[in-house]
Amino acid sequence: MKKIIQLAVWVCLFFVSDVSAKLLPMEEFTLDNGLQVIVVTNTKAPVVKQMLWYKVGSIDEPAGKGGAAHLLEHLMFRGTSKVPGSSFNDIIARNGGDSNAFTSTDFTAYHEFVDVSRLEVAMALEADRMVNLNFDDDAFDKERKIVFQERQQRISNNPAAQFAEAVNRILWQNSPYARPVTGTEEEILNLTPEDIRGFYRRYYAPDNAILVLSGDIDRPSAKMLAEKYFGNIKKGNRPQISPEQEKTRLLAGSYQTLHHFEMRHPEIKTPRVIRRYLVPSLKENSNKAYALMVFSKYLGEGDSSFLNRELVLNGKTAAAGSFYDSLSRGAGVFSLSAVPADGRTPEETETLLDNGLKQALSGLTQDDIEREKKKMTAGLVYIRDNPSDAALLVGQMAALGFDLEEIDNYEENIKKVSLADIKEAVSDMLSSSSSITGFLLPAVKEEQ
Amino acid sequence: MHRHYRRHKFSTAVLNFLVAGIFVYAVWTGYKNYAFSGFDDGRINANSVLKEKKFDKMPVEVSTPSGLKVWLIEDHTVPIIALSFIFEHAGRAYDPDGQNGRAGIAANMLLYGAGTYNRRQFQDELELNGIQMAFSAGREDFSGMLVTPSENKKTAYALLRTALTEPRFNSQDLSVEQAQNIEALKIQKERPESVLSLAFAGELFGAEHPYGRNPLGDEADIMSLDSEDLKTWLQSSLAKDNLIIGMAGDVTPDEATAAVEEIFSALPAHNANRDIEAPKMNLKPHTRNVERDTAQVVSTFAAAGTSRTAADFYPLYIANHIFGGSGLTSRLSLKAREKEGLTYGVYTYLSTDEKTPLILGQFSSTPENYPAMRKIITDEWRRFADKGATAEELETARSYLLASYNLRFDSVAGLADMLAAMQKYNLGLDFLQKRNDYVNAVTLEEVNTAAARYYSVMPMEVNIGKIDNQE
């Protein structure tokens, strides 16, 4: 149930559903204890999605304690002094709520989708476990086993996930982004209750969290209820580190590194080729980030994209696409991927991707980018439909430290992207970004 | 109630003692709740400033001049319109022998150009107008969806009509699609879950029944398809007499009538698919293992269920919710996950497909945990058949089902899907008004009758991984 979701999923939402200026009725305020509250009003149905985001993820774990953020997320369902054992789940269930949580590299979020008349129960429960977590050793032991099983299910039973993890490890080198969100098997089994309690005390506090209430609720009610349930929780006393220290900590390394990597796996039946570049994220350089968003859309997102038309529809590859993950506290990642056509080698496919990218860039016209920009802003209205989609979007943006204006200004920022911006951002990527080229291949068959 | 009645036989002293005892217990429980658990959701709800509200936009039925019916929920909160449609008995199982994979390929190719639009123009037109269109070949039915910003509805309706009536089925696009499907067949063999899913369908439905086929098709069949086969599929499968339509959002009944008439009226009156017989399911209790060196054993199991409109549907639905339904509070989840930490997840659900009503379940665990998982499931299965659920479990399940009622109304596309499903399962136009009454009417006796009936036979199981068969 408790999920790990990589940023990529949210990025999809951001770019597929899109968002726009004033399209989303958002309001924001901060309680005296530092809790940031965002209200997104949607009166369609009498329901509310509550999400509580903590600005802490796997990249904040101490070295060797991989999986701590994720195991803590699981243990948050294992009781407080007021709501002992697994009663959290019972209370949510008898109130008709759907509840879950997820951990990513950059943040951890807890959410409940409830009838508006049951929202206060969900708020009281989230407020309670922000400070009163109290699991026993047996619960810890069971939940660590569950997390271990989760890793076996998601990663060890899935060759493509093992490949993705290995690619990340090499590309990100010494950065905490190199580590899997689940932690390794060894790390999971060595985590102690004290590791988790320490992590909880350090990072779970109102001034390190964002409460999102999305649905049939207005600002005055939200304000009153947030004060009532969260207002008397004390501020945390987390030692602050400077933005410069944080930046250094998250860096992959100070050199440009170009890796080639192959994984041969007995269960793999058809090769995959990937290329990943470390590029500026939206946080690091918003001009470049918006340019890369438009370029990735043109290059490899959708049936009309350049790579699909030039490579796939011409039978040169079986699949090809691109993706730009801009949402991170550290660097962004620009990815290319392909499945070779029958009879083509991975090396040939890599060359096809390389040439495709260069041709797309050199042949790119003003008309091309205007069309892509229009596509990227045509469906903005959808984000106002489902309160859960809106909560995800605003929550993750806020958790990464963006002002809500970044959402409001999305359309404008996309429209501002020029041909020159794209040429510059992509040329920089090709000339100076660290990158990895990875082949996932079937195991070599033994000679008969 | 019966037990209280019998106490009349007790002496007054005993009765007084009992009454006093009950009083002390009540005080103690009240104190305990106050002092120790301290969390009283009943009180929070009673004092909630946000009161219960009704979602009052109820479905209406409208008919078009050519005799098509639409169920509609009008909601102008957001300027979006959603359409959900099902062509019954036009899914993968209706692919003729030797053409397994046809409906799945057709579903994709409806989006690759139609009428005056070539593939790129069609796709660009969708994207430039923010229109979402998709088709899906299910096992029994073929379905589709359209979601559009209201301001682009004219374009959206025209594109959907063109896709359904004049798709190009271009042969170059078909050969690309075929090559991609062959790759997809290879990738399907990489993950234990997808290999298991094939083995499970074969074991349960039989390899010779269409339900036992590979949902992606067979390589030779896929490669044999040509554009004519797809045109034949279109003519024979998508018709007015097997069409169900749900619509929701920023649209009035008159506009909905006009839109549906515009989109669907040119379809043929009758579909040519002959209803296939239900498979004879192999539900005798047994286990089949697909041997493979995997990190975890993945297991799927099945037992007979009931149909959506059967009298015991709600009792079984609630029984399943208690036994293995979603969330972490089911009996299986509590025993296997919360108490023992044996698995990341174990759950069961009801399949209400008319031809194959089933209770289905799944879990995965490392091989050394598999015997314990299996024992929990069989022990609990037997206990549920013998003893059924408790009154408290029924109350909790009922409370969940009633309080979660409004969550279904969260998105316009979801509303349209729900309206299509309500028609498919013959739930009636007033289903939403009656649904909570159906839930309220279920008694513990009915739940336990359903438990005794459906859980008295152990499920059949197919799993993949390395398991010790010596046990």
# chains A, B, ... in the order shown; residues from 1 in each chain; ligands from 1
call {"tool": "residues_around", "arguments": {"residues": "Asn289 in chain B", "least_positions_apart": "5", "cutoff": "6 Å", "atoms": "only C-alpha atoms", "output": "list in words"}}
result
Val462, Asn463 and Ile464 of chain B
call {"tool": "closest_atom_pairs", "arguments": {"of": "chain A", "to": "chain B", "cutoff": "7 Å", "atoms": "only C-alpha atoms", "output": "JSON lines"}}
result
{"residue": "A:Met1", "atom": "CA", "partner": "B:Gly345", "partner_atom": "CA", "distance": 6.9}
{"residue": "A:Lys44", "atom": "CA", "partner": "B:Thr77", "partner_atom": "CA", "distance": 5.8}
{"residue": "A:Ala45", "atom": "CA", "partner": "B:Phe55", "partner_atom": "CA", "distance": 5.9}
{"residue": "A:Pro46", "atom": "CA", "partner": "B:Lys53", "partner_atom": "CA", "distance": 6.1}
{"residue": "A:Val47", "atom": "CA", "partner": "B:Leu407", "partner_atom": "CA", "distance": 6.3}
{"residue": "A:Lys82", "atom": "CA", "partner": "B:Ser37", "partner_atom": "CA", "distance": 4.6}
{"residue": "A:Val83", "atom": "CA", "partner": "B:Ser37", "partner_atom": "CA", "distance": 5.9}
{"residue": "A:Asn89", "atom": "CA", "partner": "B:Thr329", "partner_atom": "CA", "distance": 6.6}
{"residue": "A:Asp90", "atom": "CA", "partner": "B:Thr329", "partner_atom": "CA", "distance": 6.5}
{"residue": "A:Ala93", "atom": "CA", "partner": "B:Tyr400", "partner_atom": "CA", "distance": 5.4}
{"residue": "A:Arg94", "atom": "CA", "partner": "B:Tyr400", "partner_atom": "CA", "distance": 4.7}
{"residue": "A:Asn95", "atom": "CA", "partner": "B:Ala403", "partner_atom": "CA", "distance": 5.7}
{"residue": "A:Gly96", "atom": "CA", "partner": "B:Tyr400", "partner_atom": "CA", "distance": 4.0}
{"residue": "A:Gly97", "atom": "CA", "partner": "B:Ser404", "partner_atom": "CA", "distance": 6.2}
{"residue": "A:Val114", "atom": "CA", "partner": "B:Leu407", "partner_atom": "CA", "distance": 6.9}
{"residue": "A:Asp115", "atom": "CA", "partner": "B:Asn406", "partner_atom": "CA", "distance": 6.3}
{"residue": "A:Val116", "atom": "CA", "partner": "B:Leu50", "partner_atom": "CA", "distance": 6.3}
{"residue": "A:Ser117", "atom": "CA", "partner": "B:Glu52", "partner_atom": "CA", "distance": 4.8}
{"residue": "A:Arg118", "atom": "CA", "partner": "B:Asn45", "partner_atom": "CA", "distance": 6.3}
{"residue": "A:Glu120", "atom": "CA", "partner": "B:Ser48", "partner_atom": "CA", "distance": 6.6}
{"residue": "A:Val121", "atom": "CA", "partner": "B:Asp41", "partner_atom": "CA", "distance": 5.9}
{"residue": "A:Lys142", "atom": "CA", "partner": "B:Gly341", "partner_atom": "CA", "distance": 4.6}
{"residue": "A:Glu143", "atom": "CA", "partner": "B:Gly341", "partner_atom": "CA", "distance": 6.3}
{"residue": "A:Lys145", "atom": "CA", "partner": "B:Gly341", "partner_atom": "CA", "distance": 5.3}
{"residue": "A:Ile146", "atom": "CA", "partner": "B:Gly341", "partner_atom": "CA", "distance": 5.0}
{"residue": "A:Val147", "atom": "CA", "partner": "B:Tyr344", "partner_atom": "CA", "distance": 6.9}
{"residue": "A:Gln149", "atom": "CA", "partner": "B:Tyr344", "partner_atom": "CA", "distance": 5.5}
{"residue": "A:Glu150", "atom": "CA", "partner": "B:Tyr344", "partner_atom": "CA", "distance": 5.1}
{"residue": "A:Gln152", "atom": "CA", "partner": "B:Ala295", "partner_atom": "CA", "distance": 6.2}
{"residue": "A:Gln153", "atom": "CA", "partner": "B:Gln296", "partner_atom": "CA", "distance": 6.6}
{"residue": "A:Ser156", "atom": "CA", "partner": "B:Ala295", "partner_atom": "CA", "distance": 5.8}
{"residue": "A:Asn157", "atom": "CA", "partner": "B:Ala295", "partner_atom": "CA", "distance": 5.5}
{"residue": "A:Asn158", "atom": "CA", "partner": "B:Arg191", "partner_atom": "CA", "distance": 5.9}
{"residue": "A:Glu267", "atom": "CA", "partner": "B:Glu190", "partner_atom": "CA", "distance": 5.2}
{"residue": "A:Ile268", "atom": "CA", "partner": "B:Glu190", "partner_atom": "CA", "distance": 5.6}
{"residue": "A:Lys269", "atom": "CA", "partner": "B:Lys186", "partner_atom": "CA", "distance": 5.5}
{"residue": "A:Thr270", "atom": "CA", "partner": "B:Lys186", "partner_atom": "CA", "distance": 6.4}
{"residue": "A:Asp303", "atom": "CA", "partner": "B:Gln123", "partner_atom": "CA", "distance": 6.7}
{"residue": "A:Ser304", "atom": "CA", "partner": "B:Arg120", "partner_atom": "CA", "distance": 5.5}
{"residue": "A:Leu313", "atom": "CA", "partner": "B:Val176", "partner_atom": "CA", "distance": 6.2}
{"residue": "A:Gly315", "atom": "CA", "partner": "B:Val176", "partner_atom": "CA", "distance": 6.4}
{"residue": "A:Ala318", "atom": "CA", "partner": "B:Gln180", "partner_atom": "CA", "distance": 5.6}
{"residue": "A:Lys374", "atom": "CA", "partner": "B:Leu128", "partner_atom": "CA", "distance": 6.0}
{"residue": "A:Lys375", "atom": "CA", "partner": "B:Leu128", "partner_atom": "CA", "distance": 4.5}
{"residue": "A:Ala378", "atom": "CA", "partner": "B:Gly130", "partner_atom": "CA", "distance": 4.5}
{"residue": "A:Gly379", "atom": "CA", "partner": "B:Gly130", "partner_atom": "CA", "distance": 4.2}
{"residue": "A:Val381", "atom": "CA", "partner": "B:Pro149", "partner_atom": "CA", "distance": 6.9}
{"residue": "A:Arg384", "atom": "CA", "partner": "B:Val78", "partner_atom": "CA", "distance": 6.7}
{"residue": "A:Asp385", "atom": "CA", "partner": "B:Ser411", "partner_atom": "CA", "distance": 5.7}
{"residue": "A:Asn386", "atom": "CA", "partner": "B:Ser411", "partner_atom": "CA", "distance": 4.8}
{"residue": "A:Pro387", "atom": "CA", "partner": "B:Asp410", "partner_atom": "CA", "distance": 6.9}
call {"tool": "write_last_selection", "arguments": {"atoms": "C-alpha atoms", "output": "CSV table (one decimal), in the first residue's frame"}}
result
chain,number,residue,atom,x,y,z
A,1,MET,CA,0.0,0.0,0.0
A,44,LYS,CA,-17.9,19.8,-7.7
A,45,ALA,CA,-18.3,17.1,-5.1
A,46,PRO,CA,-18.5,17.2,-1.2
A,47,VAL,CA,-15.0,15.6,-0.9
A,82,LYS,CA,-3.3,8.4,21.4
A,83,VAL,CA,-4.0,6.2,18.4
A,89,ASN,CA,-6.2,2.5,9.5
A,90,ASP,CA,-9.3,1.4,11.4
A,93,ALA,CA,-11.7,2.9,7.2
A,94,ARG,CA,-14.8,3.4,9.4
A,95,ASN,CA,-14.9,7.0,8.2
A,96,GLY,CA,-14.9,5.9,4.5
A,97,GLY,CA,-11.5,7.4,3.8
A,114,VAL,CA,-12.5,11.8,2.5
A,115,ASP,CA,-16.0,13.0,2.5
A,116,VAL,CA,-16.0,16.6,3.6
A,117,SER,CA,-17.9,15.7,6.8
A,118,ARG,CA,-15.0,13.4,7.8
A,120,GLU,CA,-11.7,16.8,10.6
A,121,VAL,CA,-11.0,13.2,11.6
A,142,LYS,CA,7.3,-6.4,11.2
A,143,GLU,CA,7.3,-3.2,9.2
A,145,LYS,CA,10.2,-7.0,7.0
A,146,ILE,CA,7.3,-5.5,4.9
A,147,VAL,CA,9.6,-2.9,3.5
A,149,GLN,CA,9.4,-7.6,0.8
A,150,GLU,CA,8.3,-4.4,-1.0
A,152,GLN,CA,11.9,-7.6,-3.5
A,153,GLN,CA,8.5,-7.0,-5.3
A,156,SER,CA,14.3,-7.6,-7.4
A,157,ASN,CA,11.5,-9.1,-9.3
A,158,ASN,CA,11.8,-6.5,-12.1
A,267,GLU,CA,15.2,-12.5,-18.0
A,268,ILE,CA,15.7,-9.8,-20.6
A,269,LYS,CA,14.3,-10.8,-24.0
A,270,THR,CA,14.8,-7.6,-26.0
A,303,ASP,CA,3.0,10.2,-31.3
A,304,SER,CA,3.9,13.3,-33.4
A,313,LEU,CA,7.5,5.2,-38.0
A,315,GLY,CA,11.1,1.2,-38.8
A,318,ALA,CA,10.8,-0.2,-32.3
A,374,LYS,CA,0.4,25.4,-27.8
A,375,LYS,CA,0.2,21.6,-27.2
A,378,ALA,CA,-4.0,23.4,-24.4
A,379,GLY,CA,-5.2,21.1,-21.6
A,381,VAL,CA,-8.2,23.3,-17.5
A,384,ARG,CA,-9.2,21.9,-12.0
A,385,ASP,CA,-11.1,18.7,-12.4
A,386,ASN,CA,-9.9,16.1,-9.9
A,387,PRO,CA,-9.0,17.5,-6.4
call {"tool": "closest_residue", "arguments": {"among": "B:Leu230, B:Ser63, B:Pro210, B:Ala158", "to": "Asn108 in chain B", "atoms": "only C-alpha atoms"}}
result
B:Leu230
call {"tool": "residues_around", "arguments": {"residues": "Lys240 in chain B", "least_positions_apart": "5", "cutoff": "8 Å", "atoms": "only C-alpha atoms", "output": "list in words"}}
result
Leu68, Phe264, Ser265, Leu267, Pro268, Ala269, His270 and Asn271 of chain B
call {"tool": "write_last_selection", "arguments": {"atoms": "C-alpha atoms", "output": "compact mmCIF listing (two decimals), in the first residue's frame"}}
result
# COMPACT_ATOMS: atom_id res chain seq x y z
CA LEU B 68 -29.23 5.97 -29.15
CA PHE B 264 -22.32 7.65 -33.33
CA SER B 265 -25.30 7.84 -35.70
CA LEU B 267 -22.33 3.48 -37.18
CA PRO B 268 -24.00 0.34 -38.57
CA ALA B 269 -27.27 -0.62 -36.89
CA HIS B 270 -26.18 -4.13 -35.93
CA ASN B 271 -22.97 -5.78 -34.88
call {"tool": "select_by_dssp", "arguments": {"residues": "range 197-417 of chain B", "states": "strand (DSSP E or B)", "output": "JSON, numbers by chain"}}
result
{"B": [243, 244, 245, 246, 247, 248, 249, 287, 288, 289, 290, 291, 297, 298, 299, 300, 301, 302, 303, 304, 346, 347, 348, 349, 350, 351, 358, 359, 360, 361, 362, 363, 364, 365]}
call {"tool": "write_last_selection", "arguments": {"atoms": "N, CA and C atoms", "output": "CSV table (one decimal), in the first residue's frame"}}
result
chain,number,residue,atom,x,y,z
B,243,LEU,N,-23.9,-0.7,-28.3
B,243,LEU,CA,-23.2,0.5,-27.8
B,243,LEU,C,-23.8,1.1,-26.5
B,244,ILE,N,-23.0,1.4,-25.5
B,244,ILE,CA,-23.4,2.0,-24.2
B,244,ILE,C,-22.7,3.3,-24.1
B,245,ILE,N,-23.4,4.4,-23.7
B,245,ILE,CA,-22.7,5.7,-23.6
B,245,ILE,C,-23.0,6.4,-22.3
B,246,GLY,N,-22.0,6.8,-21.6
B,246,GLY,CA,-22.1,7.7,-20.5
B,246,GLY,C,-21.5,9.0,-20.8
B,247,MET,N,-22.0,10.1,-20.3
B,247,MET,CA,-21.5,11.4,-20.6
B,247,MET,C,-21.6,12.3,-19.3
B,248,ALA,N,-20.6,13.2,-19.1
B,248,ALA,CA,-20.7,14.0,-17.9
B,248,ALA,C,-19.9,15.3,-18.1
B,249,GLY,N,-20.3,16.3,-17.3
B,249,GLY,CA,-19.6,17.5,-17.3
B,249,GLY,C,-20.4,18.7,-17.9
B,287,THR,N,-3.1,-26.4,-7.1
B,287,THR,CA,-2.1,-25.4,-7.3
B,287,THR,C,-1.2,-25.8,-8.5
B,288,ARG,N,-0.9,-24.8,-9.3
B,288,ARG,CA,0.0,-25.1,-10.4
B,288,ARG,C,1.2,-24.1,-10.3
B,289,ASN,N,2.4,-24.6,-10.4
B,289,ASN,CA,3.5,-23.8,-10.2
B,289,ASN,C,4.2,-23.6,-11.6
B,290,VAL,N,4.5,-22.3,-11.9
B,290,VAL,CA,5.4,-22.0,-13.1
B,290,VAL,C,6.8,-21.9,-12.5
B,291,GLU,N,7.7,-22.8,-12.8
B,291,GLU,CA,9.0,-22.7,-12.2
B,291,GLU,C,9.8,-21.6,-12.8
B,297,VAL,N,8.0,-15.3,-4.9
B,297,VAL,CA,7.0,-16.1,-5.5
B,297,VAL,C,5.8,-15.1,-5.7
B,298,VAL,N,5.2,-15.1,-6.8
B,298,VAL,CA,3.9,-14.4,-7.0
B,298,VAL,C,2.8,-15.4,-7.2
B,299,SER,N,1.7,-15.2,-6.5
B,299,SER,CA,0.6,-16.1,-6.5
B,299,SER,C,-0.7,-15.4,-6.8
B,300,THR,N,-1.5,-16.1,-7.7
B,300,THR,CA,-2.8,-15.6,-8.0
B,300,THR,C,-3.8,-16.8,-7.7
B,301,PHE,N,-4.9,-16.4,-7.1
B,301,PHE,CA,-5.9,-17.5,-6.7
B,301,PHE,C,-7.3,-17.1,-7.1
B,302,ALA,N,-8.2,-18.1,-7.3
B,302,ALA,CA,-9.5,-17.8,-7.7
B,302,ALA,C,-10.5,-18.8,-7.2
B,303,ALA,N,-11.7,-18.3,-6.9
B,303,ALA,CA,-12.8,-19.2,-6.5
B,303,ALA,C,-14.1,-18.6,-7.1
B,304,ALA,N,-15.1,-19.4,-7.2
B,304,ALA,CA,-16.4,-18.9,-7.8
B,304,ALA,C,-16.9,-17.7,-7.1
B,346,VAL,N,-1.4,-8.3,0.2
B,346,VAL,CA,-2.2,-9.5,-0.2
B,346,VAL,C,-3.6,-8.9,-0.2
B,347,TYR,N,-4.4,-9.2,-1.3
B,347,TYR,CA,-5.7,-8.7,-1.4
B,347,TYR,C,-6.6,-9.6,-2.2
B,348,THR,N,-7.9,-9.5,-2.1
B,348,THR,CA,-8.8,-10.2,-2.9
B,348,THR,C,-9.8,-9.2,-3.5
B,349,TYR,N,-10.4,-9.5,-4.6
B,349,TYR,CA,-11.5,-8.6,-5.2
B,349,TYR,C,-12.5,-9.5,-5.9
B,350,LEU,N,-13.6,-8.9,-6.2
B,350,LEU,CA,-14.6,-9.6,-7.0
B,350,LEU,C,-14.5,-9.2,-8.4
B,351,SER,N,-14.6,-10.2,-9.3
B,351,SER,CA,-14.7,-10.0,-10.7
B,351,SER,C,-16.2,-10.2,-11.0
B,358,LEU,N,-16.1,-14.2,-10.2
B,358,LEU,CA,-15.0,-14.8,-9.5
B,358,LEU,C,-14.7,-14.0,-8.2
B,359,ILE,N,-14.1,-14.7,-7.3
B,359,ILE,CA,-13.4,-14.1,-6.2
B,359,ILE,C,-11.9,-14.3,-6.6
B,360,LEU,N,-11.2,-13.2,-6.8
B,360,LEU,CA,-9.8,-13.3,-7.2
B,360,LEU,C,-8.8,-12.7,-6.1
B,361,GLY,N,-7.6,-13.3,-6.0
B,361,GLY,CA,-6.7,-12.7,-5.0
B,361,GLY,C,-5.3,-12.8,-5.5
B,362,GLN,N,-4.4,-12.1,-4.9
B,362,GLN,CA,-3.0,-12.1,-5.3
B,362,GLN,C,-2.1,-11.7,-4.1
B,363,PHE,N,-0.9,-12.2,-4.1
B,363,PHE,CA,0.1,-11.8,-3.2
B,363,PHE,C,1.5,-12.1,-3.7
B,364,SER,N,2.5,-11.5,-3.2
B,364,SER,CA,3.9,-12.0,-3.5
B,364,SER,C,4.7,-11.9,-2.3
B,365,SER,N,5.6,-12.9,-2.2
B,365,SER,CA,6.5,-13.0,-1.0
B,365,SER,C,7.7,-13.7,-1.4
call {"tool": "select_by_dssp", "arguments": {"residues": "range 112-318 of chain B", "states": "helix (DSSP H, G or I)", "output": "MDAnalysis selection string"}}
result
chainID B and resid 119:128 150:165 171:188 192:205 210:212 219:224 227:237 240:242 253:264 313:318
